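Visitor: Got a structure here, written out as structure tokens. Questions coming.
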Amino acid sequence: MNFGVEIPFVHHLGFELMLFEGGASQIDYTPRPEHLNSFHVTHGGALMTLQDVVMATAARSVEPDMGVVTIEMKTSFMRPAPGDGSKLTARGRLIHRTATMAFTEGTVFDAEGRICSHATGTFKYVRRLAVGPKDVSPLKTVISTD
């Protein structure tokens, strides 16, 4: 299953989309050694990225032709997410939506099913824009010598 768009950072982290339908999503993730912190557990930034993506995916699952951008996100860390090569599972859920906004939650579980972290997030639905180089006029730089 793919995310519908190429997201280089998600690819780099190795996220695997397992569920994408009806306001729900699931992503499996096995942290690699370079994703750990100095305590040898999964870095909080990697977990927050996982939660951001699983919540965004839940929001997009009801409107797959639209993109979403993160407006705000709150994360609570409950226990260290192992860095021992075991799989983490993130589940996202669309709680409520309007024509332009999605309100979501996401939870990360360790291989034993224990909650490691939980997040809530607000996303804005946006139309996908064409990607690639733009025809932009050069900017003029002015340097003051004062």
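Scheme for the structure tokens: letters A, B, ... for chains in order shown; per-chain residue numbers from 1; ligand numbers from 1 in order shown.
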Using only C-alpha atoms, which protein or nucleic acid residues come within 8 Å of Gly67 (chain A)? Drop anything in the same chain fewer than 5 positions from it, and give the result as an mmCIF file with N, CA and C atoms, in the first residue's frame.

Guide:
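Produced file out_11.cif, reproduced below:
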data_model
loop_
_atom_site.group_PDB
_atom_site.id
_atom_site.type_symbol
_atom_site.label_atom_id
_atom_site.label_comp_id
_atom_site.auth_asym_id
_atom_site.auth_seq_id
_atom_site.Cartn_x
_atom_site.Cartn_y
_atom_site.Cartn_z
ATOM 1 N N ARG A 60 -6.753 12.118 5.324
ATOM 2 C CA ARG A 60 -6.814 11.963 3.866
ATOM 3 C C ARG A 60 -7.633 10.752 3.434
ATOM 4 N N TYR A 125 -7.276 20.739 4.921
ATOM 5 C CA TYR A 125 -7.327 20.127 3.591
ATOM 6 C C TYR A 125 -6.895 21.166 2.560
ATOM 7 N N VAL A 126 -6.016 20.763 1.654
ATOM 8 C CA VAL A 126 -5.545 21.654 0.589
ATOM 9 C C VAL A 126 -5.549 20.899 -0.737
ATOM 10 N N ARG A 127 -5.774 21.634 -1.799
ATOM 11 C CA ARG A 127 -5.682 21.037 -3.133
ATOM 12 C C ARG A 127 -4.220 20.756 -3.432
ATOM 13 N N ARG A 128 -3.986 19.643 -4.088
ATOM 14 C CA ARG A 128 -2.615 19.312 -4.480
ATOM 15 C C ARG A 128 -2.166 20.251 -5.581
#

Visitor: For Ala102 (chain A), please output as a ChimeraX atom specification all residues within 7 Å (counting only C-alpha atoms; exclusion window: fewer than 3 positions along the same chain).

Guide: /A:59,94,96-98,122-124

Visitor: Could you write out that same residue set with N, CA, C and O atoms as an mmCIF file, in the first residue's frame?

Guide:
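The resulting file, part_35.cif, is shown below:
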data_model
loop_
_atom_site.group_PDB
_atom_site.id
_atom_site.type_symbol
_atom_site.label_atom_id
_atom_site.label_comp_id
_atom_site.auth_asym_id
_atom_site.auth_seq_id
_atom_site.Cartn_x
_atom_site.Cartn_y
_atom_site.Cartn_z
ATOM 1 N N ALA A 59 -6.838 11.522 8.080
ATOM 2 C CA ALA A 59 -7.614 12.643 7.531
ATOM 3 C C ALA A 59 -7.804 12.494 6.028
ATOM 4 O O ALA A 59 -8.894 12.708 5.501
ATOM 5 N N LEU A 94 -9.653 9.783 12.372
ATOM 6 C CA LEU A 94 -10.300 11.066 12.126
ATOM 7 C C LEU A 94 -11.448 11.186 13.129
ATOM 8 O O LEU A 94 -12.368 10.367 13.120
ATOM 9 N N HIS A 96 -13.229 14.273 13.764
ATOM 10 C CA HIS A 96 -14.243 15.199 13.248
ATOM 11 C C HIS A 96 -13.643 15.938 12.064
ATOM 12 O O HIS A 96 -12.444 16.165 12.017
ATOM 13 N N ARG A 97 -14.510 16.307 11.118
ATOM 14 C CA ARG A 97 -14.010 17.106 10.001
ATOM 15 C C ARG A 97 -15.039 18.131 9.598
ATOM 16 O O ARG A 97 -16.230 17.965 9.825
ATOM 17 N N THR A 98 -14.540 19.203 9.023
ATOM 18 C CA THR A 98 -15.379 20.210 8.393
ATOM 19 C C THR A 98 -14.993 20.209 6.918
ATOM 20 O O THR A 98 -14.197 19.371 6.485
ATOM 21 N N THR A 122 -4.562 18.846 14.294
ATOM 22 C CA THR A 122 -5.504 19.543 13.430
ATOM 23 C C THR A 122 -4.822 19.739 12.083
ATOM 24 O O THR A 122 -3.668 20.168 12.025
ATOM 25 N N PHE A 123 -5.538 19.405 11.019
ATOM 26 C CA PHE A 123 -4.999 19.476 9.665
ATOM 27 C C PHE A 123 -5.941 20.270 8.779
ATOM 28 O O PHE A 123 -7.157 20.231 8.964
ATOM 29 N N LYS A 124 -5.371 20.967 7.816
ATOM 30 C CA LYS A 124 -6.157 21.716 6.833
ATOM 31 C C LYS A 124 -6.108 20.958 5.514
ATOM 32 O O LYS A 124 -5.035 20.585 5.049
#

Visitor: List the spatial neighbours of Thr42 (chain A) as a PyMOL selection string - criterion: any atom at most 10 Å away, only C-alpha atoms, same-chain residues fewer than 4 positions off excluded.

Guide: chain A and resi 30-38+46-47+80-85+88

Visitor: Please give the complete set of residues from chain A that DSSP, run on the backbone, assigns to helix (DSSP H, G or I), formatted as a list in words.

Guide: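 Filtering chain A down to helix (DSSP H, G or I) leaves Pro8, Phe9, Val10, His11, His12, Leu13, Pro33, Glu34, His35, Gly44, Gly45, Ala46, Leu47, Met48, Thr49, Leu50, Gln51, Asp52, Val53, Val54, Met55, Ala56, Thr57, Ala58, Ala59 and Arg60 of chain A.
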
Visitor: Can you work out the spacing between CA of Ser76 (chain A) and CA of Phe39 (chain A) in Å, to one decimal?

Guide: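 A separation of 18.2 Å between them.
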
Visitor: Mind checking which residues fall within 8 Å of region 20-25 of chain A, counting only C-alpha atoms, ignoring those fewer than 4 positions away in the same chain, and posting them as a PyMOL selection string?

Guide: chain A and resi 54-55+57-62+91-95
